[in-house]
$ cat coords.cif   # mmCIF, C-alpha atoms (C1' of nucleotides)
data_data
loop_
_atom_site.label_atom_id
_atom_site.label_comp_id
_atom_site.auth_asym_id
_atom_site.auth_seq_id
_atom_site.Cartn_x
_atom_site.Cartn_y
_atom_site.Cartn_z
CA MET N 1352 18.68 -47.49 -91.34
CA ALA N 1353 18.09 -48.44 -87.75
CA ARG N 1354 18.88 -47.62 -84.16
CA LYS N 1355 22.20 -48.62 -82.58
CA LYS N 1356 22.54 -51.00 -79.62
CA GLN N 1357 23.28 -49.10 -76.45
CA TYR N 1358 25.42 -51.89 -75.01
CA LYS N 1359 28.22 -54.17 -76.14
CA GLU N 1360 27.35 -57.84 -75.90
CA GLN N 1361 30.79 -58.87 -74.63
CA GLU N 1362 30.60 -56.27 -71.88
CA VAL N 1363 27.22 -57.35 -70.55
CA LEU N 1364 28.30 -61.00 -70.84
CA GLU N 1365 31.22 -60.35 -68.49
CA LYS N 1366 28.70 -59.16 -65.92
CA ALA N 1367 26.34 -62.07 -66.54
CA MET N 1368 29.20 -64.55 -66.17
CA ALA N 1369 30.26 -62.98 -62.88
CA LEU N 1370 26.71 -63.35 -61.56
CA PHE N 1371 26.36 -66.98 -62.65
CA TRP N 1372 29.77 -67.69 -61.17
CA ARG N 1373 28.82 -66.27 -57.80
CA ASN N 1374 25.24 -67.57 -57.72
CA GLY N 1375 24.93 -70.68 -59.86
CA TYR N 1376 22.56 -71.18 -62.77
CA GLU N 1377 19.17 -71.88 -61.23
CA SER N 1378 19.27 -69.28 -58.52
CA THR N 1379 20.19 -66.54 -60.95
CA SER N 1380 16.93 -65.13 -62.28
CA VAL N 1381 16.40 -63.13 -65.45
CA ARG N 1382 15.43 -60.15 -63.26
CA MET N 1383 18.82 -60.39 -61.54
CA LEU N 1384 20.52 -60.62 -64.93
CA GLU N 1385 18.63 -57.48 -66.01
CA LYS N 1386 20.01 -55.48 -63.09
CA GLU N 1387 23.54 -56.86 -63.28
CA MET N 1388 23.85 -56.56 -67.04
CA GLY N 1389 22.21 -53.14 -66.97
CA ILE N 1390 19.89 -53.88 -69.88
CA ASN N 1391 16.20 -54.69 -70.25
CA GLN N 1392 14.83 -58.21 -70.56
CA PHE N 1393 13.88 -57.46 -74.13
CA SER N 1394 17.52 -56.77 -74.96
CA ILE N 1395 18.64 -59.94 -73.17
CA TYR N 1396 16.25 -62.05 -75.23
CA ALA N 1397 17.04 -60.14 -78.43
CA SER N 1398 20.78 -60.77 -78.00
CA PHE N 1399 20.88 -64.22 -76.44
CA GLY N 1400 17.49 -65.83 -77.05
CA SER N 1401 16.97 -67.30 -73.61
CA LYS N 1402 18.41 -67.54 -70.12
CA LYS N 1403 20.18 -70.70 -71.30
CA GLY N 1404 21.60 -68.69 -74.19
CA VAL N 1405 23.06 -66.13 -71.81
CA PHE N 1406 24.54 -68.96 -69.78
CA LEU N 1407 26.14 -70.71 -72.74
CA GLU N 1408 27.76 -67.44 -73.79
CA SER N 1409 28.83 -66.90 -70.18
CA ILE N 1410 30.60 -70.26 -70.27
CA ASN N 1411 32.44 -69.13 -73.39
CA THR N 1412 33.38 -65.88 -71.69
CA TYR N 1413 34.59 -67.92 -68.74
CA LYS N 1414 36.75 -70.07 -71.00
CA LYS N 1415 38.36 -66.97 -72.46
CA LYS N 1416 39.00 -65.66 -68.97
CA ILE N 1417 40.52 -68.87 -67.64
CA HIS N 1418 42.62 -69.22 -70.77
CA CYS N 1419 45.41 -67.17 -69.15
CA ILE N 1420 46.11 -70.05 -66.76
CA THR N 1421 45.27 -73.03 -68.98
CA ASP N 1422 47.61 -71.47 -71.50
CA LYS N 1423 50.45 -71.41 -68.96
CA LEU N 1424 49.80 -75.07 -68.28
CA GLU N 1425 49.79 -75.90 -71.97
CA LYS N 1426 53.06 -74.09 -72.54
CA SER N 1427 54.82 -75.44 -69.44
CA GLN N 1428 57.53 -78.01 -70.05
CA ASN N 1429 58.18 -79.07 -66.47
CA GLY N 1430 55.79 -82.01 -66.05
CA VAL N 1431 54.12 -82.48 -62.69
CA ALA N 1432 55.51 -79.18 -61.37
CA GLY N 1433 53.57 -77.36 -64.07
CA ILE N 1434 50.35 -79.06 -63.00
CA LYS N 1435 50.96 -78.18 -59.38
CA GLN N 1436 51.50 -74.57 -60.40
CA TYR N 1437 48.19 -74.74 -62.27
CA PHE N 1438 46.44 -75.76 -59.04
CA TYR N 1439 47.84 -72.70 -57.27
CA ASN N 1440 47.07 -70.47 -60.24
CA PHE N 1441 43.52 -71.72 -60.20
CA LEU N 1442 43.06 -70.79 -56.54
CA GLU N 1443 44.18 -67.26 -57.33
CA PHE N 1444 41.92 -67.21 -60.37
CA ALA N 1445 38.85 -68.30 -58.39
CA ASN N 1446 39.45 -65.73 -55.66
CA GLU N 1447 37.73 -62.37 -55.61
CA ASN N 1448 37.98 -60.14 -52.55
CA ASN N 1449 39.01 -63.15 -50.48
CA VAL N 1450 35.90 -65.06 -51.52
CA ASN N 1451 36.52 -68.21 -53.50
CA LYS N 1452 33.91 -68.85 -56.13
CA GLY N 1453 35.25 -72.18 -57.32
CA CYS N 1454 35.16 -73.00 -61.02
CA LEU N 1455 32.09 -71.95 -62.99
CA VAL N 1456 32.18 -75.20 -64.95
CA THR N 1457 32.50 -77.60 -62.03
CA ASN N 1458 30.01 -75.56 -60.01
CA THR N 1459 27.51 -76.04 -62.81
CA VAL N 1460 28.20 -79.74 -63.30
CA ASN N 1461 27.65 -80.23 -59.63
CA GLU N 1462 24.53 -78.08 -59.51
CA LEU N 1463 22.74 -79.45 -62.54
CA GLY N 1464 24.23 -82.94 -62.73
CA GLU N 1465 22.14 -85.28 -64.83
CA ASN N 1466 19.30 -82.78 -65.16
CA ALA N 1467 21.47 -80.40 -67.16
CA ASP N 1468 20.42 -79.43 -70.64
CA PRO N 1469 22.38 -81.54 -73.18
CA THR N 1470 23.76 -78.45 -74.96
CA VAL N 1471 25.06 -77.06 -71.68
CA MET N 1472 26.37 -80.44 -70.56
CA ALA N 1473 28.28 -80.99 -73.80
CA GLU N 1474 30.01 -77.66 -73.31
CA LEU N 1475 30.98 -78.56 -69.74
CA VAL N 1476 32.28 -82.01 -70.66
CA LYS N 1477 34.36 -80.52 -73.47
CA PHE N 1478 35.99 -78.13 -71.01
CA ALA N 1479 36.78 -80.91 -68.53
CA SER N 1480 38.25 -83.23 -71.12
CA ASN N 1481 40.44 -80.41 -72.36
CA ILE N 1482 41.88 -79.95 -68.87
CA LYS N 1483 42.46 -83.68 -68.60
CA HIS N 1484 44.43 -83.68 -71.83
CA LEU N 1485 46.58 -80.84 -70.58
CA PHE N 1486 47.31 -82.93 -67.47
CA ILE N 1487 48.16 -85.95 -69.62
CA ASN N 1488 50.51 -83.93 -71.81
CA ASN N 1489 52.40 -82.66 -68.79
CA LEU N 1490 52.53 -86.12 -67.23
CA LYS N 1491 54.09 -87.42 -70.44
CA GLN N 1492 56.94 -84.96 -70.02
CA ASP N 1493 58.13 -86.96 -67.04
CA SER N 1494 60.34 -89.52 -68.78
CA GLN N 1495 59.61 -92.95 -67.45
CA LYS N 1496 55.80 -93.09 -67.01
CA ASP N 1497 53.90 -95.73 -69.00
CA THR N 1498 50.55 -94.87 -70.57
CA ASP N 1499 48.61 -96.79 -67.95
CA THR N 1500 50.22 -94.84 -65.11
CA ILE N 1501 49.57 -91.59 -66.92
CA GLU N 1502 45.90 -92.40 -67.41
CA ARG N 1503 45.50 -93.34 -63.75
CA GLN N 1504 47.32 -90.26 -62.53
CA ALA N 1505 45.22 -88.06 -64.82
CA ASN N 1506 42.06 -89.53 -63.28
CA TYR N 1507 43.51 -88.85 -59.87
CA LEU N 1508 44.35 -85.27 -60.79
CA MET N 1509 40.88 -84.61 -62.18
CA THR N 1510 39.28 -85.76 -58.95
CA THR N 1511 41.77 -83.72 -56.96
CA ILE N 1512 41.27 -80.45 -58.86
CA LEU N 1513 37.52 -81.02 -58.55
CA GLY N 1514 37.96 -81.39 -54.79
CA ILE N 1515 40.14 -78.27 -54.62
CA SER N 1516 37.65 -76.34 -56.70
CA ILE N 1517 34.75 -77.19 -54.39
CA ALA N 1518 36.81 -77.03 -51.21
CA SER N 1519 38.07 -73.56 -52.14
CA LYS N 1520 34.57 -72.27 -51.53
CA ILE N 1521 34.57 -73.51 -47.93
CA PHE N 1522 38.09 -74.17 -46.63
CA ASN N 1523 40.69 -71.57 -45.75
CA LYS N 1524 43.95 -70.91 -47.56
CA LYS N 1525 46.10 -73.00 -45.23
CA GLN N 1526 43.81 -76.02 -45.56
CA LEU N 1527 43.86 -75.75 -49.34
CA GLU N 1528 47.64 -75.46 -49.43
CA ASP N 1529 47.96 -78.52 -47.19
CA ALA N 1530 45.77 -80.38 -49.64
CA ILE N 1531 47.76 -79.37 -52.70
CA GLU N 1532 51.16 -80.01 -51.13
CA ILE N 1533 50.26 -83.53 -50.05
CA ALA N 1534 48.40 -84.26 -53.28
CA PHE N 1535 51.61 -83.78 -55.27
CA LYS N 1536 53.92 -85.68 -52.96
CA ASN N 1537 54.10 -88.87 -54.99
CA LEU N 1538 53.56 -88.10 -58.65
CA MET C 88 -9.78 -87.18 -27.96
CA ALA C 89 -8.48 -86.55 -31.43
CA ARG C 90 -7.83 -88.12 -34.78
CA LYS C 91 -4.69 -90.21 -35.38
CA LYS C 92 -1.95 -89.35 -37.88
CA GLN C 93 -2.17 -91.57 -40.95
CA TYR C 94 1.60 -91.55 -41.48
CA LYS C 95 4.75 -92.03 -39.45
CA GLU C 96 7.06 -89.04 -39.55
CA GLN C 97 10.22 -91.13 -39.79
CA GLU C 98 8.82 -93.05 -42.74
CA VAL C 99 7.89 -89.98 -44.77
CA LEU C 100 11.24 -88.39 -43.85
CA GLU C 101 13.10 -91.31 -45.43
CA LYS C 102 11.30 -90.52 -48.67
CA ALA C 103 11.92 -86.78 -48.38
CA MET C 104 15.60 -87.39 -47.74
CA ALA C 105 15.88 -89.62 -50.81
CA LEU C 106 14.30 -86.90 -52.94
CA PHE C 107 16.58 -84.14 -51.61
CA TRP C 108 19.55 -86.44 -52.09
CA ARG C 109 18.71 -87.08 -55.73
CA ASN C 110 17.54 -83.55 -56.58
CA GLY C 111 19.17 -81.04 -54.28
CA TYR C 112 17.41 -78.55 -52.05
CA GLU C 113 16.26 -75.76 -54.32
CA SER C 114 14.99 -77.88 -57.17
CA THR C 115 12.90 -80.04 -54.87
CA SER C 116 9.51 -78.33 -54.59
CA VAL C 117 6.92 -78.80 -51.87
CA ARG C 118 4.62 -80.29 -54.53
CA MET C 119 7.28 -82.91 -55.28
CA LEU C 120 7.66 -83.59 -51.57
CA GLU C 121 3.88 -84.05 -51.33
CA LYS C 122 3.91 -86.76 -53.98
CA GLU C 123 7.07 -88.48 -52.76
CA MET C 124 6.11 -88.42 -49.07
CA GLY C 125 2.56 -89.43 -49.91
CA ILE C 126 1.00 -86.80 -47.66
CA ASN C 127 -0.73 -83.45 -48.17
CA GLN C 128 1.02 -80.10 -47.85
CA PHE C 129 -0.99 -79.39 -44.73
CA SER C 130 0.50 -82.46 -43.08
CA ILE C 131 4.02 -81.49 -44.19
CA TYR C 132 3.64 -78.07 -42.62
CA ALA C 133 1.92 -79.46 -39.53
CA SER C 134 4.74 -81.94 -38.91
CA PHE C 135 7.80 -79.98 -40.04
CA GLY C 136 6.81 -76.32 -40.17
CA SER C 137 8.46 -75.44 -43.46
CA LYS C 138 10.37 -76.83 -46.42
CA LYS C 139 13.53 -75.96 -44.52
CA GLY C 140 12.17 -77.94 -41.57
CA VAL C 141 11.71 -81.01 -43.74
CA PHE C 142 15.23 -80.56 -45.02
CA LEU C 143 16.81 -80.24 -41.58
CA GLU C 144 15.08 -83.43 -40.50
CA SER C 145 16.19 -85.07 -43.75
CA ILE C 146 19.79 -84.21 -42.86
CA ASN C 147 19.28 -85.91 -39.51
CA THR C 148 17.82 -88.94 -41.24
CA TYR C 149 20.83 -88.92 -43.57
CA LYS C 150 23.20 -88.86 -40.62
CA LYS C 151 21.47 -91.90 -39.12
CA LYS C 152 21.73 -93.67 -42.44
CA ILE C 153 25.41 -92.93 -43.00
CA HIS C 154 26.17 -93.91 -39.43
CA CYS C 155 26.71 -97.51 -40.49
CA ILE C 156 29.91 -96.50 -42.30
CA THR C 157 31.09 -93.66 -40.04
CA ASP C 158 30.71 -96.12 -37.21
CA LYS C 159 33.00 -98.62 -38.93
CA LEU C 160 35.56 -95.84 -39.34
CA GLU C 161 35.26 -94.85 -35.70
CA LYS C 162 35.73 -98.42 -34.51
CA SER C 163 38.58 -99.24 -36.89
CA GLN C 164 42.03 -99.55 -35.35
CA ASN C 165 44.11 -99.77 -38.50
CA GLY C 166 44.99 -96.13 -39.17
CA VAL C 167 45.14 -94.97 -42.77
CA ALA C 168 43.86 -98.32 -44.06
CA GLY C 169 40.61 -97.71 -42.16
CA ILE C 170 40.20 -94.32 -43.80
CA LYS C 171 40.82 -95.79 -47.24
CA GLN C 172 38.18 -98.40 -46.52
CA TYR C 173 35.82 -95.57 -45.55
CA PHE C 174 36.34 -94.00 -48.97
CA TYR C 175 35.33 -97.25 -50.67
CA ASN C 176 32.44 -97.74 -48.28
CA PHE C 177 31.24 -94.25 -49.08
CA LEU C 178 31.18 -94.97 -52.82
CA GLU C 179 29.01 -98.00 -52.17
CA PHE C 180 26.82 -95.97 -49.83
CA ALA C 181 26.25 -93.19 -52.38
CA ASN C 182 25.37 -95.65 -55.14
CA GLU C 183 21.80 -96.55 -56.01
CA ASN C 184 21.02 -98.56 -59.14
CA ASN C 185 24.46 -97.64 -60.50
CA VAL C 186 23.73 -93.94 -60.09
CA ASN C 187 26.00 -92.10 -57.69
CA LYS C 188 24.22 -89.42 -55.73
CA GLY C 189 27.25 -88.13 -53.88
CA CYS C 190 26.89 -87.06 -50.26
CA LEU C 191 23.74 -85.18 -49.28
CA VAL C 192 25.76 -82.90 -47.02
CA THR C 193 28.50 -81.96 -49.49
CA ASN C 194 25.96 -81.65 -52.29
CA THR C 195 24.09 -79.10 -50.20
CA VAL C 196 27.19 -77.16 -49.17
CA ASN C 197 28.13 -76.90 -52.79
CA GLU C 198 24.63 -75.97 -53.92
CA LEU C 199 23.83 -73.35 -51.31
CA GLY C 200 27.32 -72.18 -50.39
CA GLU C 201 27.28 -68.85 -48.61
CA ASN C 202 23.60 -68.30 -49.32
CA ALA C 203 22.64 -71.22 -47.12
CA ASP C 204 20.41 -70.60 -44.15
CA PRO C 205 22.58 -70.38 -40.99
CA THR C 206 20.65 -73.17 -39.26
CA VAL C 207 21.19 -75.47 -42.22
CA MET C 208 24.83 -74.42 -42.58
CA ALA C 209 25.58 -75.08 -38.90
CA GLU C 210 24.24 -78.60 -39.30
CA LEU C 211 26.40 -79.20 -42.37
CA VAL C 212 29.57 -77.83 -40.75
CA LYS C 213 28.98 -80.02 -37.68
CA PHE C 214 28.79 -83.09 -39.89
CA ALA C 215 31.99 -82.22 -41.75
CA SER C 216 33.98 -81.52 -38.60
CA ASN C 217 32.84 -84.83 -37.18
CA ILE C 218 34.26 -86.64 -40.21
CA LYS C 219 37.50 -84.69 -39.91
CA HIS C 220 37.87 -85.78 -36.30
CA LEU C 221 37.36 -89.39 -37.28
CA PHE C 222 40.15 -88.98 -39.83
CA ILE C 223 42.40 -87.41 -37.20
CA ASN C 224 41.76 -90.22 -34.73
CA ASN C 225 42.71 -92.82 -37.30
CA LEU C 226 45.79 -90.87 -38.38
CA LYS C 227 46.91 -90.82 -34.74
CA GLN C 228 46.89 -94.60 -34.71
CA ASP C 229 49.89 -94.56 -37.02
CA SER C 230 52.63 -94.30 -34.41
CA GLN C 231 55.15 -91.78 -35.57
CA LYS C 232 53.09 -88.87 -36.94
CA ASP C 233 53.41 -85.50 -35.20
CA THR C 234 50.31 -83.33 -34.64
CA ASP C 235 51.25 -80.94 -37.43
CA THR C 236 51.49 -83.75 -39.97
CA ILE C 237 48.19 -85.15 -38.77
CA GLU C 238 46.45 -81.79 -39.16
CA ARG C 239 47.84 -81.33 -42.66
CA GLN C 240 46.92 -84.86 -43.72
CA ALA C 241 43.42 -84.41 -42.33
CA ASN C 242 42.98 -81.27 -44.44
CA TYR C 243 44.21 -83.22 -47.43
CA LEU C 244 41.79 -86.06 -46.74
CA MET C 245 38.84 -83.70 -46.36
CA THR C 246 39.55 -82.14 -49.75
CA THR C 247 40.02 -85.58 -51.25
CA ILE C 248 36.77 -87.07 -49.93
CA LEU C 249 35.00 -83.92 -51.12
CA GLY C 250 36.48 -84.46 -54.57
CA ILE C 251 35.52 -88.14 -54.54
CA SER C 252 32.01 -87.27 -53.40
CA ILE C 253 31.44 -84.83 -56.25
CA ALA C 254 33.39 -86.86 -58.80
CA SER C 255 31.31 -89.95 -57.99
CA LYS C 256 28.36 -88.23 -59.62
CA ILE C 257 30.20 -87.84 -62.92
CA PHE C 258 33.17 -90.21 -63.22
CA ASN C 259 33.03 -93.96 -63.70
CA LYS C 260 34.07 -96.61 -61.21
CA LYS C 261 37.53 -97.14 -62.67
CA GLN C 262 38.32 -93.44 -62.58
CA LEU C 263 37.20 -93.20 -58.96
CA GLU C 264 39.27 -96.21 -57.94
CA ASP C 265 42.33 -94.72 -59.67
CA ALA C 266 41.77 -91.57 -57.66
CA ILE C 267 41.46 -93.37 -54.32
CA GLU C 268 44.42 -95.68 -54.89
CA ILE C 269 46.77 -92.85 -55.80
CA ALA C 270 45.39 -90.54 -53.11
CA PHE C 271 46.45 -92.98 -50.39
CA LYS C 272 49.96 -93.40 -51.73
CA ASN C 273 50.66 -89.94 -50.34
CA LEU C 274 50.06 -90.87 -46.71
"C1'" DC O 384 12.05 -34.21 -94.93
"C1'" DA O 385 9.57 -38.72 -94.79
"C1'" DA O 386 9.84 -43.69 -94.68
"C1'" DT O 387 11.70 -47.66 -92.66
"C1'" DA O 388 13.99 -50.71 -89.65
"C1'" DA O 389 15.93 -51.84 -85.62
"C1'" DA O 390 16.34 -51.08 -80.32
"C1'" DC O 391 14.20 -49.57 -76.52
"C1'" DT O 392 10.44 -49.33 -72.33
"C1'" DA O 393 7.31 -51.35 -69.42
"C1'" DA O 394 3.36 -53.93 -68.79
"C1'" DG O 395 1.70 -58.45 -68.84
"C1'" DC O 396 1.38 -63.70 -69.65
"C1'" DA O 397 0.90 -68.50 -67.81
"C1'" DG O 398 2.86 -71.47 -64.75
"C1'" DA O 399 5.51 -72.62 -60.55
"C1'" DT O 400 6.92 -71.51 -55.87
"C1'" DG O 401 6.37 -71.71 -50.51
"C1'" DC O 402 2.77 -71.37 -47.49
"C1'" DT O 403 -2.21 -70.69 -45.53
"C1'" DT O 404 -6.84 -71.42 -44.58
"C1'" DA O 405 -11.88 -72.63 -44.75
"C1'" DG O 406 -14.37 -76.57 -44.35
"C1'" DT O 407 -14.81 -81.67 -43.33
"C1'" DA O 408 -13.68 -86.24 -41.21
"C1'" DA O 409 -12.07 -89.07 -37.56
"C1'" DT O 410 -11.09 -90.05 -32.84
"C1'" DA O 411 -11.44 -90.39 -27.78
"C1'" DA O 412 -13.01 -88.53 -23.36
"C1'" DA O 413 -17.26 -86.94 -20.79
"C1'" DT F 527 -24.13 -89.78 -27.80
"C1'" DT F 528 -22.41 -85.55 -27.46
"C1'" DT F 529 -18.41 -82.69 -27.55
"C1'" DA F 530 -13.79 -81.29 -27.92
"C1'" DT F 531 -9.60 -81.93 -30.39
"C1'" DT F 532 -6.83 -83.16 -33.83
"C1'" DA F 533 -5.97 -84.62 -38.85
"C1'" DC F 534 -7.38 -84.36 -43.29
"C1'" DT F 535 -8.78 -82.32 -48.24
"C1'" DA F 536 -8.49 -79.02 -51.58
"C1'" DA F 537 -8.81 -74.47 -52.92
"C1'" DG F 538 -6.42 -70.25 -52.79
"C1'" DC F 539 -2.83 -66.60 -51.52
"C1'" DA F 540 1.02 -63.47 -52.97
"C1'" DT F 541 5.21 -63.68 -55.17
"C1'" DC F 542 8.51 -65.24 -58.37
"C1'" DT F 543 9.84 -67.67 -62.65
"C1'" DG F 544 11.16 -67.44 -67.89
"C1'" DC F 545 9.43 -65.19 -71.65
"C1'" DT F 546 6.40 -62.07 -74.85
"C1'" DT F 547 4.36 -58.18 -76.77
"C1'" DA F 548 2.18 -53.58 -77.63
"C1'" DG F 549 3.75 -49.19 -78.11
"C1'" DT F 550 7.58 -45.72 -78.42
"C1'" DT F 551 12.23 -43.88 -79.53
"C1'" DT F 552 16.26 -43.54 -82.28
"C1'" DA F 553 18.95 -43.79 -86.28
"C1'" DT F 554 19.76 -44.46 -91.31
"C1'" DT F 555 18.46 -44.27 -96.07
"C1'" DG F 556 16.06 -42.25 -100.16
#
$ encode --input "coords.cif" --output "structure tokens"
Amino acid sequence: MARKKQYKEQEVLEKAMALFWRNGYESTSVRMLEKEMGINQFSIYASFGSKKGVFLESINTYKKKIHCITDKLEKSQNGVAGIKQYFYNFLEFANENNVNKGCLVTNTVNELGENADPTVMAELVKFASNIKHLFINNLKQDSQKDTDTIERQANYLMTTILGISIASKIFNKKQLEDAIEIAFKNL
Amino acid sequence: MARKKQYKEQEVLEKAMALFWRNGYESTSVRMLEKEMGINQFSIYASFGSKKGVFLESINTYKKKIHCITDKLEKSQNGVAGIKQYFYNFLEFANENNVNKGCLVTNTVNELGENADPTVMAELVKFASNIKHLFINNLKQDSQKDTDTIERQANYLMTTILGISIASKIFNKKQLEDAIEIAFKNL
DNA sequence: CAATAAACTAAGCAGATGCTTAGTAATAAA
DNA sequence: TTTATTACTAAGCATCTGCTTAGTTTATTG
């Protein structure tokens, strides 16, 4: 016995995520979210509680969206080659109209750093450690590597994908490809 | 026939730079600058014109400060080994009380991205291209590399130092050392 | 239909932001 | 000592921030 919502939460979240992805957390205001999501502030707060709430749900939406490439990585059985393919897939994923937006998660880690809300931070760390485990699993597929080597190479790969993610926002395609090609020379 | 300034601009700039370095540009307010620099807003605006003005001068102060390690790189005659040493020197440089602040320049590029003021951006790009040229010069010292290889390796190194710079804010020492050690196996 | 419950609109809140300005204090030349 | 010039203090400006709330509209149930 009540009125129906005039929007679907998943639909407006897609738009919110896109805005956070392009703009970062702090410099995206609730007024901007209003316009982009196409709903009133009241509705934003009714559905998501706070700006932080919208952001946390945006991270979840992001995870769903990136799943198409993390899934490929998870299913790949070709070791290091699969990881390298993931790097290229990520570049395509982060690109929109020839503008590279980087990774929403790493962008946020870098923006908020230690000042990040614990709830947000926990979500970001969980995402990163998931990627690292995918790297480790693929590294294990290459026969002769001992656990110590795998751990060290995984640390290397995490730093490298972080670099690629940030660099993608500034460097051109050729520069990024140079970086990836050399990065995988010796694994 | 006038009153004397009660502060030295270089001294208060050191403090401003430290604050921007820790906090980033946007989330450092003029009120925070007041407290940290120990002078009134009037004095800030009289000396530097705007918050952006303080920041531009902070970048210059940063460049002077980092010169001690870029200088070592410039003077080094041992090719790739000199660059690797620069990576380690940078980690030490970015560390304060076991907190890694990353690089003020790359932090800012990543924070402001395309939205950055053109004057600020030009300053940041100039810094980055200077580092790249230092890398190229050192790569040239290794006899047999052709120009194409050097260009590609320089792109790789720029992405890698970017990754290290950002990663230093999150990862622990061991992880960073793993990353550097493996990164230089590829050269 | 009338009653009720939820979703909407738009105005408004307190606090923070970058920046300015009116008034006062200190200095050095005349 | 007077006067001109600069530096200081602190209050205040308009605008933006995240968030709330009073009042209205829409739908469902009895």
$ residues_near_point --input "coords.cif" --point "(15.2, -45.1, -100.1)" --cutoff "8 Å" --atoms "all atoms listed in the file" --output "list in words"
DA386 of chain O; DT555 and DG556 of chain F
$ resolve_selection --input "coords.cif" --expression "the PyMOL selection byres ((chain C and resi 208) around 12)" --output "list in words"
Ile1521 of chain N; Lys139, Phe142, Leu143, Ile146, Val192, Thr193, Thr195, Val196, Asn197, Glu198, Leu199, Gly200, Glu201, Asn202, Ala203, Asp204, Pro205, Thr206, Val207, Ala209, Glu210, Leu211, Val212, Lys213, Phe214 and Ala215 of chain C
$ residues_around --input "coords.cif" --residues "DT403 in chain O" --least-positions-apart "3" --cutoff "9 Å" --atoms "only C-alpha atoms (C1' of nucleotides)" --output "PyMOL selection string"
(chain C and resi 129) or (chain F and resi 538-539)
$ resolve_selection --input "coords.cif" --expression "the PyMOL selection byres ((chain C) within 8 of (chain F))" --output "list in words"
Met88, Ala89, Arg90, Lys91 and Lys92 of chain C
$ resolve_selection --input "coords.cif" --expression "the PyMOL selection byres ((chain O) within 9 of (chain N))" --output "list of chain:residue names"
O:DT387, O:DA388, O:DA389, O:DA390, O:DC391, O:DT392
$ atom_distance --input "coords.cif" --atom1 "C1' of DG406 in chain O" --atom2 "CA of Gly140 in chain C"
26.7 Å
$ closest_residue --input "coords.cif" --among "N:Lys1520, N:Arg1503, N:Lys1423, N:Lys1359" --to "Ile269 in chain C" --atoms "all atoms listed in the file"
N:Arg1503
$ closest_atom_pairs --input "coords.cif" --of "chain C" --to "chain N" --cutoff "8 Å" --atoms "all atoms listed in the file" --output "JSON lines"
{"residue": "C:Asn194", "atom": "CA", "partner": "N:Asn1461", "partner_atom": "CA", "distance": 7.7}
{"residue": "C:Asn197", "atom": "CA", "partner": "N:Ile1517", "partner_atom": "CA", "distance": 6.8}
{"residue": "C:Glu198", "atom": "CA", "partner": "N:Glu1462", "partner_atom": "CA", "distance": 6.0}
{"residue": "C:Gly200", "atom": "CA", "partner": "N:Lys1520", "partner_atom": "CA", "distance": 7.3}
{"residue": "C:Arg239", "atom": "CA", "partner": "N:Asp1529", "partner_atom": "CA", "distance": 5.3}
{"residue": "C:Gln240", "atom": "CA", "partner": "N:Ile1533", "partner_atom": "CA", "distance": 7.3}
{"residue": "C:Asn242", "atom": "CA", "partner": "N:Gln1526", "partner_atom": "CA", "distance": 5.4}
{"residue": "C:Tyr243", "atom": "CA", "partner": "N:Ala1530", "partner_atom": "CA", "distance": 3.9}
{"residue": "C:Leu244", "atom": "CA", "partner": "N:Ala1530", "partner_atom": "CA", "distance": 7.5}
{"residue": "C:Thr246", "atom": "CA", "partner": "N:Gly1514", "partner_atom": "CA", "distance": 5.3}
{"residue": "C:Thr247", "atom": "CA", "partner": "N:Gly1514", "partner_atom": "CA", "distance": 5.9}
{"residue": "C:Ile248", "atom": "CA", "partner": "N:Gly1514", "partner_atom": "CA", "distance": 7.6}
{"residue": "C:Leu249", "atom": "CA", "partner": "N:Gly1514", "partner_atom": "CA", "distance": 5.4}
{"residue": "C:Gly250", "atom": "CA", "partner": "N:Gly1514", "partner_atom": "CA", "distance": 3.4}
{"residue": "C:Ile251", "atom": "CA", "partner": "N:Thr1510", "partner_atom": "CA", "distance": 6.3}
{"residue": "C:Ile253", "atom": "CA", "partner": "N:Asn1461", "partner_atom": "CA", "distance": 6.9}
{"residue": "C:Ala254", "atom": "CA", "partner": "N:Thr1510", "partner_atom": "CA", "distance": 6.0}
{"residue": "C:Lys256", "atom": "CA", "partner": "N:Gly1464", "partner_atom": "CA", "distance": 7.4}
{"residue": "C:Ile257", "atom": "CA", "partner": "N:Gly1464", "partner_atom": "CA", "distance": 7.7}
{"residue": "C:Gln262", "atom": "CA", "partner": "N:Asn1506", "partner_atom": "CA", "distance": 5.5}
{"residue": "C:Leu263", "atom": "CA", "partner": "N:Asn1506", "partner_atom": "CA", "distance": 7.5}
{"residue": "C:Asp265", "atom": "CA", "partner": "N:Arg1503", "partner_atom": "CA", "distance": 5.3}
{"residue": "C:Ala266", "atom": "CA", "partner": "N:Tyr1507", "partner_atom": "CA", "distance": 3.9}
{"residue": "C:Ile267", "atom": "CA", "partner": "N:Tyr1507", "partner_atom": "CA", "distance": 7.4}
{"residue": "C:Ile269", "atom": "CA", "partner": "N:Tyr1507", "partner_atom": "CA", "distance": 6.6}
{"residue": "C:Ala270", "atom": "CA", "partner": "N:Ala1534", "partner_atom": "CA", "distance": 7.0}
{"residue": "C:Lys272", "atom": "CA", "partner": "N:Asn1537", "partner_atom": "CA", "distance": 6.9}
{"residue": "C:Asn273", "atom": "CA", "partner": "N:Asn1537", "partner_atom": "CA", "distance": 5.9}
$ residues_around --input "coords.cif" --residues "Glu1365 in chain N" --least-positions-apart "4" --cutoff "10 Å" --atoms "all atoms listed in the file" --output "PyMOL selection string"
chain N and resi 1360-1361+1369-1370+1387-1388+1408-1409+1412-1413+1416
$ atom_distance --input "coords.cif" --atom1 "CA of Asn147 in chain C" --atom2 "CA of Ser216 in chain C"
15.4 Å
